[in-house]
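Working notes for the structure below.
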Amino acid sequence: MSRETVINWVLGLGLLAVPFIALMQGEPFYITLATRVAILALAGVGLNLALGLGGMVSFGHAAFFGIGGYAAGILATHAFNQEPLLAWPLTVSGSSDMLVIWLVAIAICALVALVIGAITLRTSGVYFIMITLAFAQMIYYFAISWPAYGGEDGLSIYVRNGFPGLNTLDPIQFFLICYAVLMACLFISARLRDSRFGAALQVARQNPDRLAATGIAPFNIRLVAFVISAAMTGLAGALFADLNRFVSPSMLSWHVSGEIMIFVILGGVGRLFGPLAGAALFIVMEFYLGGITEHWQLFLGIILLCVVLFVRGGILGIMAGRRVHA
Amino acid sequence: EPVKVGMITTLSGGGSGLGVDVRDGFLLAAKMAGNKDLEVIVEDDARKPDLAVQIADKMIQKEKVDVLTGIIWSNLAMAVVPSAVGQGVFYLSPNAGPSMLAGKGCHENYFNVAWQNDNLHEAMGGHANSAGFKKTFILAPNYPAGKDALTGFKRFYEGDVADELYTKLGQTDYAAEIAQIRASGADSVFFFLPGGMGIAFMKQYAQSGVDIPVMGPAFSFDQGILGAVGDAALGVKNSSQWSKDIDNPANKAFVEAFKAEYDRLPSLYASQGFDTANLILSAMKKADVKDADAFRAALKDAEFDSVRGDFKFDSNQHPIQDIYVREVVKEGDVLTNKIIGIGLEDRSSAYVEDCKL
Amino acid sequence: MPDAAPVLELKGLRKSFGALKATDDVSLDVRPGEIHALIGPNGAGKSTLIHQVAGSLTPDGGEVRFNGADISGLTVAQRVRRGLGRTFQVSSVAPEFSALRNVMLSVQSTQGSSFRFFRPVMRDRSLVDAAMDKLALVDLAERANVVAAELSHGERRQLEMAMALALRPKLLLLDEPMAGMGPEGSKNLTGFLDELRNEVPILLVEHDMEAVFSLADRISVLVYGSVIASGSVDDIRANKDVREAYLGGED
Amino acid sequence: MLLQIEGLQSFYGRSQALFGVNLAMEEGEVVALMGRNGMGKTTTIRSLCRIMPYRHGTVRFLSHDLGVMRPHRVARLGIGLVPEGRRCFPNLSVHENLVVAARPGDWSLERVGRLFPRLRERHSQSASTLSGGEQQMLAIGRALMTNPKLLILDEATEGLAPVIRQEIWAAVRELKGEGQSILIVDKTLKELMQLADRCTILERGMSVWDGTPADLGEDIQDRFLGV
Amino acid sequence: MTLALLIEQLLNGIQFGVMLFLMAAGLTLVFGVMGLINLAHGSLYMIGAFLCASVALATGSFWLGLAASLAGAAAAGAVVEIVVIRRLYDRDHLDQVLATFALILIFSEGTRWVFGSFPLYLDIPQALQGAVALPGGAQYPLYRLSIIIVGVLIAIGLYLLISRTRLGMRIRAGESDREMIGALGVDIRTLYTVVFALGAALAGFAGALVGAIQSVQVGMGEPVLILAFVVIVIGGIGSIKGALIGAILVGVVDTLGRILLPELFGLFMGPSQATSVGSALASMAIYILMAVILALKPQGLFAAGAQ
Ligand SMILES: Nc1ncnc2c1ncn2[C@@H]1O[C@H](COP(=O)(O)OP(=O)(O)OP(=O)(O)O)[C@@H](O)[C@H]1O
Ligand SMILES: Nc1ncnc2c1ncn2[C@@H]1O[C@H](COP(=O)(O)OP(=O)(O)OP(=O)(O)O)[C@@H](O)[C@H]1O
Ligand SMILES: [Mg+2]
Ligand SMILES: [Mg+2]
């Protein structure tokens with residue numbers, strides 16, 4: 001087992017252990033914190049697919065995070081108020097079943113990503129960064145000024161959506177759902193990375209001309225990866241909405257795109273468990289520093305700066321050493 | 001019986017001045033009361049809804065607070081309040097008053113100690129009538145609070161609207177809007193542009209040489225912000241439920257104590273924080289916080305000396321109060337406000353009927 | 001053999017960059033079993049021509065026919081799938097992948113769709129074995145697990161050749177394969193190409209005259225974008241214009 | 001002594017590329033650095049220009065120890081590099097490429113123009129659109145404009161048409177005639193042997209042979225250069 | 001709407017554009033020329049505004065404040081370059097993103113610590129108060145006119161600096177091949193410190209100038225940052241001309257969008273709905289503009305070195 005694999009196991013099991021330890025210590029809040037880490041890590045895992053493997057530095061993943069969130073919020077609201085979502089041409093009602101919501105979130109994010117990707121993937125480098133931001137900002141401003149679902153005030157989910165056979169209001173059970181989804185997506189990411197598709201995707205990042213000269217069109221590969229990436233981040237958004245029982249345009253703001261990106265970079269770009277390590281460190285720092293001093297952002301900044309300057313390749317870079325490509 | 005209060009407010013980034021004032025007002029009241037049983041923990045939400053939710057969870061689950069308060073912004077309140085009151089704690093709003101929470105979404109554990117969001121705008125509509133304005137140009141940012149503001153203004157305003165403009169949230173340049181105002185032939189301007197937007201608008205308005213009278217809610221003319229707007233604000237009429245020259249003993253004591261403690265003049269937000277703390281203190285005298293029903297009833301009685309004078313709760317647990325009209329004046333070197341009249345008397349909120357309490 | 005139908009046929013190809021005619025009405029063909037060398041001064045438009053054949057540049061006019069079909073409208077990737085393999089003038093590999101994984105990518109492409117998401121490639125013997133074969137063919141088997149970025153200049157050229165061969169091309173476009181190779185490397189590669197021509201016809205761009213003269217069945221000389229001479233090795237050596245424009249005083 | 005390299009060892013990350021290179025040259029000499037592919041010629045040059053750090057050994061240039069200097073200091077001592085792969089600045093014009101790092105001395109725009117008339121014709125063309133040969137001339141001209149005491153040519157004739165190659169060799173010969181010290185790496189032995197005063201051969205990152213071209217027999221060529 | 005008003009609004013748009021250029025000028029320099037993604041540009045802008053405001057308050061002179069903002073921002077830039085940025089040139093762009101994001105946090109919170117949570121007062125200098133009469137009767141604030149002039153002068157100055165001076169050549173050479181320009185004897189490290197400090201000074205200068213007509217508060221740099229990036233990406237990275245034209249385009253589209261879109265929708269919708277839809281669309285206008293431009297020209301309008 002390589003050093004990275006060991007660290008991955010430690011990270012994965014460590015996250016799983018936190019809520020149970022918290023429960024034993026009688027500190028249920030840490031369950032919520034662990035859930036938050038799991039969900040935001042999931043958003044990072046999604047972005048990591050595009051950014052780490054495919055080299056697509058999307059500064060607009062908040063769009064998918066937010067759309068996932070709104071999918072959950074809107075469906076739940078309609079279910080709660082028992083108003084149909086669509087009355088014509090066919091009746092579509094809301095839902096408070098997580099499975100349904102996830103499917104909808106994934107489908108909508110994939111669709112939106114397909115459209116955005118088809119346009120944005122013609123650009124590269126900083127232009128790609130900015131055009132993805134542009135789309136996210138459009139959606140952000142749309143959400144702020146669109147009155148139907150609360151606009152800037154957001155939308156509350158009064159009762160957390162349900163999952164067949166589980167009580168989602170129990171923090172531990174909700175955590176386990178999120179954890180399971182995270183692990184499933186990590187597993188999918190790992191398989192993707194090692195698959196033929198993953199090989200092509202990684203070459204699309206390293207040298208797109210080479211990929212084309214091998215008979216594989218980089219555009220198609222990237223587009224599919226972008227869609228999968230968006231779907232995962234959207235799923236995270238749906239879970240995040242359920243965690244907070246609230247969605248608002250702030251989920252769509254560029255700060256969120258930046259934060260997700262920071263989880264990935266902090267953890268180690270392209271490393272499977274990088275987003276988990278990054279999200280955990282960031283959130284724990286935010287949590288502890290916020291409790292200690294009003295000037296916590298200053299210290300957060302200094303710590304982040306030290307990490308970039310002195311730790312090459314993020315947390316996993318320093319713990320697991322240089323990446324090896326067999 | 002000790003009461004633990006968790007204050008979630010904005011202490012960093014843009015808009016942190018408001019949070020700082022609410023906190024300082026609150027802590028001042030606690031200090032003046034000298035009640036050892038009131039324990040307050042304060043944390044910064046950085047104006048991020050999800051961070052606010054996280055802190056609320058932490059305060060409820062880990063710190064086991066009895067009362068939450070402190071949130072400045074409506075969108076953060078909407079994120080935190082429903083789930084917090086759902087978990088059985090009390091929430092006392094020292095600033096935001098979204099219509100949802102005043103109407104359909106009201107809750108027995110939610111009290112608003114400031115105002116319903118529309119109140120100050122409504123009062124300005126009332127003032128526009130009494131000032132004799134016939135054609136007012138109104139503008140606000142394009143988001144729910146902005147729309148509520150213009151709706152609120154129009155609710156009592158009887159004249160014509162020259163034009164209605166929604167600006168971009170966070171916009172910093174208003175040359176185009178000012179040109180529209182000049183061209184519209186309006187006899188007055190009503191605007192709601194909170195924070196930096198209002199500062200930028202007022203400065204640019206003054207620089208443009210347009211001299212149509214301007215009015216707005218207190219948010220753009222309050223103590224914390226007046227210094228930054230500068231002389232451009234002189235003479236502007238604004239509406240507020242509080243002013244430092246309201247003549248009652250509680251207010252006098254508050255203003256003096258605040259100046260002594262923090263070496264600056266108190267603001268609207270400081271007064272709201274101050275009142276919130278005193279409301280809690282008054283309830284603590286009457287009931288044990290562990291007895292939720294009794295404590296709720298005690299809060300509802302609101303038997304404390306509000307710095308704004310008479311204060312009582314309507315059935316939706318939002319204040320019924322006078323909204324004053326103030327004018328920006330200069331006292332020595334310092335810009336401040338002076339009450340010139342009352343915009344609306346004993347105003348409750350437009351959404352009371354929707355509330356099933 | 002010279003009478004067999006050409007594999008590649010260029011008809012009246014034209015390409016300008018602004019006022020510069022980089023390709024000026026070029027027609028030439030490559031027939032089965034032959035090495036057709038394309039020589040010419042620097043900046044004559046040889047790489048530009050290769051780019052147009054490969055599809056990474058769109059010609060302003062003219063036709064590119066491959067195995068009898070017009071492929072002008074196809075993308076780079078589509079042409080490769082039809083059997084048009086190439087190497088780049090400046091080595092182009094996936095720098096973070098090992099030599100083996102670089103070649104595996106080519107093999108993967110010949111096996112069909114890359115939209116297979118689940119099976120780990122390294123456990124796919126059909127990919128690994130075929131790639132190892134190609135690496136052995138270019139004498140790079142020992143370096144199979146070295147990351148491409150760490151290969152020396154010459155080794156990277158060998159790798160690129162292996163990748164091109166792994167595509168099982170029906171025609172190879174080689175842009176200066178000898179560049180950067182030492183005398184020994186050039187000798188080996190010359191021997192290798194000599195044998196290869198029986199399997200795959202080659203369009204060869206090269207400045208190493210020793211290699212060109214020993215390998216080429218036919219030579220075309222490009223100057224200022226147009227073909228000024230075409231013929232056998234001896235024809236070209238004897239051609240006065242070519243000596244002046246390209247070969248210089250060299251014997 | 002113009003340049004003296006002793007026991008030079010260099011690394012790319014963790015992998016060692018040079019294991020002990022020795023080389024010495026006098027003012028006015030032309031020295032050829034030879035060896036098969038990947039033997040460390042370019043690495044030696046990069047180390048001596050301090051573009052990459054070296055771990056062991058000493059490099060002295062005009063009795064300055066280069067071990068502690070940053071690249072631009074080394075260059076200012078009088079080392080002019082024509083690197084492998086030309087590396088002209090593509091977004092600068094020919095003229096700008098020449099003057100961007102020029103330092104005063106005998107070599108001026110005019111004199112470079114006389115050496116390479118082609119460059120004078122392309123004066124304001126962007127370097128990215130030059131042909132390979134022109135770029136090579138530009139790289140040499142650019143190095144000369146810094147008025148170096150030592151000119152280093154790394155594979156200056158790679159990828160050039162025979163006729164241009166001859167032009168470059170003629171230019172190098174002209175430089176030698178003027179007493180310019182030159183360190184050359186090149187594939188074509190024939191011209192190199194005519195020009196060089198001395199040769200040093202590298203094998204697996206070590207200098208293994210040193211002598212005049214006349215001493216460079218068939219057996220040595222066969223053993224170290226694979227000819 | 002009358003034609004005169006339309007023309008006035010067009011002018012407002014152009015003027016807003018030039019102001020955007022002023023904010024973006026330093027960013028173009030650092031981003032286009034050094035290839036560095038500097039998210040902390042907005043923070044330097046904020047520092048400039050705060051320095052100007054506090055010095056102006058203490059001394060009573062806007063001009064002293066302006067000088068302080070130039071000097072202070074340049075110094076801050078130089079320190080940041082030496083301590084942080086210098087270590088990141090040969091790293092991934094992503095490390096630069098993370099590092100400069102951390103700088104935003106540090107600068108914002110540091111500024112709040114030093115200057116407090118409340119907005120500061122900064123007014124336009126006495127000499128530039130008042131308005132000039134435009135042909136056609138409209139009044140135009142003198143200060144805004146000055147900003148336009150300064151913006152255009154900076155554009156010209158930067159253009160000349162980059163394209164005509166040896167310093168500019170070296171910067172551009174360093175952009176394409178840092179190692180090589182060093183090997184030719186140019187002290188690229190110091191050069192980059194100077195360039196970064198210059199970019200910072202421009203940011204600080206813009207902060208001070210624009211701060212006088214907007215609000216000087218913590219967080220004022222963030223919207224500017226995004227807008228500045230939009231501007232230089234639309235124009236094409238590395239092109240000063242592109243940045244200026246991009247800025248004006250953004251300014252005009254934004255301004256006219258705000259004014260015209262609600263009226264446009266008013267033609268076939270009820271007034272309140274039209275205002276609402278029109279304003280919503282207007283907030284998105286510049287992003288739509290950017291997306292359309294990049295979709296059609298993936299390298300921006302005036303990409304340097306596009307093929
Ligand atoms: N994108 C481009 N824009 C403008 N000119 C170009 C472009 N690409 C190539 N050229 C010009 O076209 C001409 C032909 O270039 P090409 O690379 O095809 O030459 P070549 O024959 O391969 O030369 P070499 O032997 O040096 O590789 C050159 O003058 C070159 O400067
Ligand atoms: N960037 C690099 N990273 C790791 N190893 C490298 C790198 N560049 C070169 N090497 C290794 O260093 C050794 C010496 O390479 P160098 O480029 O100095 O050889 P050379 O003699 O110039 O060869 P050539 O004739 O091919 O140019 C080679 O074994 C090569 O694999
Ligand atoms: Mg070529
Ligand atoms: Mg070499």
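We name chains A, B, ... following the order of the structure tokens; residues begin at 1 in each chain, and ligands are numbered from 1 as shown.
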Practice task
Give the residues close to ligand 4, within 12 Å, counting only C-alpha atoms and all ligand atoms; write them as a PyMOL selection string.
Solution key: (chain C and resi 152-154+179-182) or (chain D and resi 17+33-46+82-86+153-156+158+184-187+202+205)
Would you put the residues from that selection into a file with N, CA and C atoms, as a compact mmCIF listing (two decimals), in the first residue's frame?
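See result14.txt below for the written result:
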# COMPACT_ATOMS: atom_id res chain seq x y z
N SER C 152 15.40 11.89 -21.71
CA SER C 152 16.25 12.84 -22.44
C SER C 152 15.60 13.12 -23.79
N HIS C 153 16.10 14.18 -24.38
CA HIS C 153 15.60 14.63 -25.66
C HIS C 153 15.45 13.49 -26.67
N GLY C 154 16.51 12.72 -26.80
CA GLY C 154 16.51 11.64 -27.78
C GLY C 154 15.49 10.57 -27.42
N ALA C 179 15.95 15.19 -35.60
CA ALA C 179 16.41 16.39 -34.92
C ALA C 179 16.77 16.06 -33.48
N GLY C 180 17.93 16.49 -33.06
CA GLY C 180 18.32 16.29 -31.68
C GLY C 180 18.89 14.92 -31.39
N MET C 181 18.90 14.04 -32.41
CA MET C 181 19.48 12.72 -32.16
C MET C 181 20.96 12.78 -32.52
N GLY C 182 21.74 12.11 -31.74
CA GLY C 182 23.16 12.02 -32.04
C GLY C 182 23.40 11.12 -33.24
N ALA D 17 22.37 14.27 -12.62
CA ALA D 17 22.66 14.30 -14.05
C ALA D 17 24.16 14.46 -14.30
N LEU D 33 32.46 20.73 -26.62
CA LEU D 33 31.99 19.83 -25.57
C LEU D 33 31.17 18.75 -26.27
N MET D 34 31.62 17.49 -26.09
CA MET D 34 30.99 16.44 -26.90
C MET D 34 30.47 15.31 -26.03
N GLY D 35 29.71 14.45 -26.66
CA GLY D 35 29.14 13.31 -25.95
C GLY D 35 27.83 12.92 -26.60
N ARG D 36 27.42 11.68 -26.35
CA ARG D 36 26.17 11.20 -26.93
C ARG D 36 24.96 11.91 -26.32
N ASN D 37 23.78 11.55 -26.81
CA ASN D 37 22.54 12.12 -26.26
C ASN D 37 22.43 11.86 -24.78
N GLY D 38 22.01 12.87 -24.07
CA GLY D 38 21.69 12.68 -22.65
C GLY D 38 22.90 12.49 -21.76
N MET D 39 24.09 12.86 -22.22
CA MET D 39 25.27 12.63 -21.41
C MET D 39 25.57 13.82 -20.50
N GLY D 40 24.90 14.91 -20.70
CA GLY D 40 25.04 16.01 -19.74
C GLY D 40 25.66 17.28 -20.30
N LYS D 41 25.69 17.41 -21.60
CA LYS D 41 26.30 18.61 -22.18
C LYS D 41 25.47 19.85 -21.81
N THR D 42 24.19 19.75 -22.11
CA THR D 42 23.33 20.89 -21.82
C THR D 42 23.30 21.17 -20.32
N THR D 43 23.28 20.12 -19.54
CA THR D 43 23.24 20.31 -18.09
C THR D 43 24.50 21.04 -17.61
N THR D 44 25.63 20.70 -18.16
CA THR D 44 26.87 21.39 -17.81
C THR D 44 26.73 22.88 -18.09
N ILE D 45 26.23 23.17 -19.28
CA ILE D 45 26.10 24.58 -19.67
C ILE D 45 25.11 25.31 -18.77
N ARG D 46 24.00 24.65 -18.48
CA ARG D 46 23.01 25.30 -17.62
C ARG D 46 23.59 25.55 -16.23
N VAL D 82 23.87 30.99 -26.07
CA VAL D 82 22.91 30.67 -27.14
C VAL D 82 22.37 29.30 -26.78
N PRO D 83 21.17 29.27 -26.23
CA PRO D 83 20.72 28.02 -25.59
C PRO D 83 20.22 27.00 -26.58
N GLU D 84 20.12 25.77 -26.09
CA GLU D 84 19.49 24.71 -26.87
C GLU D 84 18.06 25.13 -27.17
N GLY D 85 17.64 24.99 -28.39
CA GLY D 85 16.26 25.33 -28.72
C GLY D 85 16.04 26.82 -28.94
N ARG D 86 17.09 27.57 -29.11
CA ARG D 86 17.06 29.00 -29.52
C ARG D 86 16.47 29.93 -28.49
N LEU D 153 27.61 28.14 -27.38
CA LEU D 153 26.64 27.73 -28.41
C LEU D 153 26.21 26.30 -28.12
N ASP D 154 24.96 26.12 -27.80
CA ASP D 154 24.45 24.76 -27.54
C ASP D 154 23.60 24.33 -28.73
N GLU D 155 24.10 23.42 -29.51
CA GLU D 155 23.37 22.89 -30.67
C GLU D 155 22.86 24.01 -31.57
N ALA D 156 23.76 24.86 -31.96
CA ALA D 156 23.34 26.03 -32.73
C ALA D 156 22.91 25.68 -34.14
N GLU D 158 21.12 22.82 -34.96
CA GLU D 158 20.08 21.81 -34.99
C GLU D 158 18.89 22.28 -35.82
N ILE D 184 31.48 25.24 -27.59
CA ILE D 184 30.49 24.76 -28.57
C ILE D 184 30.03 23.34 -28.26
N VAL D 185 28.73 23.14 -28.39
CA VAL D 185 28.18 21.79 -28.41
C VAL D 185 27.54 21.61 -29.78
N ASP D 186 27.89 20.55 -30.48
CA ASP D 186 27.22 20.33 -31.77
C ASP D 186 27.32 18.88 -32.22
N LYS D 187 26.35 18.50 -33.06
CA LYS D 187 26.32 17.13 -33.54
C LYS D 187 27.33 16.89 -34.64
N LEU D 202 32.00 14.09 -22.68
CA LEU D 202 31.26 13.67 -21.50
C LEU D 202 30.65 12.30 -21.74
N GLY D 205 27.53 11.95 -17.61
CA GLY D 205 27.69 13.04 -16.65
C GLY D 205 29.10 13.22 -16.12
Problem - Expected answer as a PyMOL selection string: strand (DSSP E or B) residues in range 48-235 of chain A - result: chain A and resi 84-86+92-93+97+155-156+162-163+166
Can I get the selected residues back with N, CA and C atoms, as a PDB file, in the first residue's frame?
ATOM      1  N   PRO A  84     -48.237  22.025  -6.927  1.00  0.00           N
ATOM      2  CA  PRO A  84     -47.482  21.365  -7.997  1.00  0.00           C
ATOM      3  C   PRO A  84     -46.422  22.319  -8.549  1.00  0.00           C
ATOM      4  N   LEU A  85     -45.313  21.748  -8.957  1.00  0.00           N
ATOM      5  CA  LEU A  85     -44.204  22.519  -9.496  1.00  0.00           C
ATOM      6  C   LEU A  85     -44.579  23.033 -10.876  1.00  0.00           C
ATOM      7  N   LEU A  86     -45.262  22.174 -11.596  1.00  0.00           N
ATOM      8  CA  LEU A  86     -45.672  22.498 -12.950  1.00  0.00           C
ATOM      9  C   LEU A  86     -47.100  21.996 -13.076  1.00  0.00           C
ATOM     10  N   VAL A  92     -46.275  18.200 -12.424  1.00  0.00           N
ATOM     11  CA  VAL A  92     -45.091  17.755 -11.715  1.00  0.00           C
ATOM     12  C   VAL A  92     -45.212  18.295 -10.309  1.00  0.00           C
ATOM     13  N   SER A  93     -45.145  17.397  -9.351  1.00  0.00           N
ATOM     14  CA  SER A  93     -45.283  17.888  -7.989  1.00  0.00           C
ATOM     15  C   SER A  93     -43.913  17.923  -7.332  1.00  0.00           C
ATOM     16  N   ASP A  97     -38.399  13.660  -0.936  1.00  0.00           N
ATOM     17  CA  ASP A  97     -37.617  12.439  -0.872  1.00  0.00           C
ATOM     18  C   ASP A  97     -36.213  12.743  -1.409  1.00  0.00           C
ATOM     19  N   LEU A 155     -34.545  30.720   0.712  1.00  0.00           N
ATOM     20  CA  LEU A 155     -35.692  29.838   0.786  1.00  0.00           C
ATOM     21  C   LEU A 155     -35.434  28.853   1.913  1.00  0.00           C
ATOM     22  N   SER A 156     -36.384  28.778   2.853  1.00  0.00           N
ATOM     23  CA  SER A 156     -36.180  27.854   3.967  1.00  0.00           C
ATOM     24  C   SER A 156     -36.808  26.506   3.653  1.00  0.00           C
ATOM     25  N   GLY A 162     -36.569  13.674   3.461  1.00  0.00           N
ATOM     26  CA  GLY A 162     -36.442  12.337   4.017  1.00  0.00           C
ATOM     27  C   GLY A 162     -35.667  11.382   3.138  1.00  0.00           C
ATOM     28  N   PHE A 163     -35.222  10.308   3.753  1.00  0.00           N
ATOM     29  CA  PHE A 163     -34.536   9.254   3.020  1.00  0.00           C
ATOM     30  C   PHE A 163     -35.192   7.955   3.427  1.00  0.00           C
ATOM     31  N   LEU A 166     -34.673   5.893   6.797  1.00  0.00           N
ATOM     32  CA  LEU A 166     -33.807   6.571   7.763  1.00  0.00           C
ATOM     33  C   LEU A 166     -34.521   7.791   8.327  1.00  0.00           C
TER      34      LEU A 166
END
Exercise for the section: Find the residues around Asp123 in chain E up to 12 Å (only C-alpha atoms counted), leave out those fewer than 3 positions away in its own chain, and share them as a ChimeraX atom specification. Expected result: /B:199-200,202-204,206-207,227-232 /E:49,52-54,56-57,60-63,65-66,120,126-129,143,208-216
Completion exercise
Across A:Ile303, A:Leu176, A:Ala107, A:Ala204, the smallest distance to chain E, with only C-alpha atoms counted, is shown by A:Ile303
Exercise for the section: Output the contact residues of chain B with respect to chain A at a cut-off of 6 Å, based on only C-alpha atoms, as number ranges by chain. Expected result: B: 58, 61-62, 75, 79, 142-144
Selected residues, all heavy atoms, written as a short mmCIF file (atom, residue, chain, number, x, y, z; two decimals), in the first residue's frame, please.
data_model
loop_
_atom_site.label_atom_id
_atom_site.label_comp_id
_atom_site.auth_asym_id
_atom_site.auth_seq_id
_atom_site.Cartn_x
_atom_site.Cartn_y
_atom_site.Cartn_z
N LYS B 58 -23.81 25.60 16.43
CA LYS B 58 -22.82 25.43 17.48
C LYS B 58 -23.32 26.03 18.79
O LYS B 58 -23.22 25.41 19.85
CB LYS B 58 -21.53 26.11 17.05
CG LYS B 58 -20.46 26.17 18.13
CD LYS B 58 -19.15 26.64 17.55
CE LYS B 58 -18.55 27.75 18.37
NZ LYS B 58 -17.37 28.33 17.73
N GLN B 61 -26.24 23.72 20.04
CA GLN B 61 -25.92 22.35 20.41
C GLN B 61 -24.75 22.26 21.38
O GLN B 61 -24.72 21.40 22.25
CB GLN B 61 -25.59 21.55 19.14
CG GLN B 61 -26.81 21.39 18.23
CD GLN B 61 -26.45 20.83 16.88
OE1 GLN B 61 -25.32 20.41 16.65
NE2 GLN B 61 -27.40 20.82 15.97
N LYS B 62 -23.75 23.13 21.19
CA LYS B 62 -22.55 23.01 21.99
C LYS B 62 -22.59 23.94 23.21
O LYS B 62 -22.36 23.50 24.33
CB LYS B 62 -21.35 23.32 21.12
CG LYS B 62 -20.00 23.09 21.77
CD LYS B 62 -18.92 23.08 20.69
CE LYS B 62 -17.56 23.50 21.21
NZ LYS B 62 -17.10 22.77 22.37
N ASN B 75 -31.25 38.17 4.89
CA ASN B 75 -31.02 36.84 4.32
C ASN B 75 -30.36 35.92 5.33
O ASN B 75 -30.62 34.72 5.34
CB ASN B 75 -30.23 36.93 3.02
CG ASN B 75 -28.90 37.61 3.18
OD1 ASN B 75 -28.70 38.43 4.08
ND2 ASN B 75 -27.97 37.28 2.31
N ALA B 79 -31.99 32.47 7.08
CA ALA B 79 -31.27 31.20 7.13
C ALA B 79 -31.27 30.62 8.54
O ALA B 79 -31.38 29.42 8.72
CB ALA B 79 -29.83 31.39 6.64
N ASN B 142 -31.96 45.97 -6.72
CA ASN B 142 -32.84 44.94 -7.24
C ASN B 142 -32.70 43.65 -6.44
O ASN B 142 -32.05 42.72 -6.86
CB ASN B 142 -32.50 44.70 -8.71
CG ASN B 142 -33.53 43.85 -9.39
OD1 ASN B 142 -34.66 43.78 -8.93
ND2 ASN B 142 -33.14 43.19 -10.46
N TYR B 143 -33.29 43.61 -5.27
CA TYR B 143 -33.36 42.39 -4.46
C TYR B 143 -34.55 42.55 -3.53
O TYR B 143 -35.17 43.63 -3.49
CB TYR B 143 -32.04 42.13 -3.74
CG TYR B 143 -31.72 42.99 -2.54
CD1 TYR B 143 -31.41 42.40 -1.31
CD2 TYR B 143 -31.70 44.37 -2.63
CE1 TYR B 143 -31.09 43.17 -0.22
CE2 TYR B 143 -31.38 45.15 -1.53
CZ TYR B 143 -31.08 44.54 -0.32
OH TYR B 143 -30.78 45.31 0.76
N PRO B 144 -34.97 41.50 -2.84
CA PRO B 144 -36.25 41.57 -2.14
C PRO B 144 -36.38 42.77 -1.21
O PRO B 144 -37.41 43.46 -1.22
CB PRO B 144 -36.27 40.26 -1.35
CG PRO B 144 -35.44 39.34 -2.12
CD PRO B 144 -34.36 40.17 -2.73
#
Exercise for the section: Could you pull out the residues sitting within 10 Å of ligand 3, using only C-alpha atoms and all ligand atoms, and write them as an MDAnalysis selection string? Expected result: (chainID C and resid 39:51 88:90 175:176 205:207) or (chainID D and resid 131:132 159:160)
Output for the residues just chosen: C-alpha atoms as a tab-separated table (two decimals), in the first residue's frame:
chain	number	residue	atom	x	y	z
C	39	ILE	CA	12.95	19.00	-47.84
C	40	GLY	CA	13.40	22.71	-48.12
C	41	PRO	CA	14.92	25.72	-46.41
C	42	ASN	CA	13.79	26.80	-43.01
C	43	GLY	CA	10.49	28.56	-43.20
C	44	ALA	CA	9.64	27.02	-46.55
C	45	GLY	CA	6.36	25.73	-45.19
C	46	LYS	CA	7.08	22.09	-44.52
C	47	SER	CA	5.63	21.99	-41.02
C	48	THR	CA	2.73	24.10	-42.19
C	49	LEU	CA	2.02	21.49	-44.84
C	50	ILE	CA	2.21	18.66	-42.30
C	51	HIS	CA	-0.19	20.56	-40.06
C	88	PHE	CA	5.74	16.54	-33.96
C	89	GLN	CA	8.74	18.68	-34.82
C	90	VAL	CA	9.04	19.54	-31.13
C	175	ASP	CA	8.41	16.06	-38.91
C	176	GLU	CA	12.18	16.04	-38.35
C	205	VAL	CA	10.38	16.04	-43.34
C	206	GLU	CA	14.04	16.14	-42.46
C	207	HIS	CA	17.12	18.33	-42.61
D	131	SER	CA	12.06	30.62	-39.70
D	132	GLY	CA	14.23	28.28	-37.66
D	159	GLY	CA	17.18	21.65	-37.39
D	160	LEU	CA	18.71	23.97	-39.94
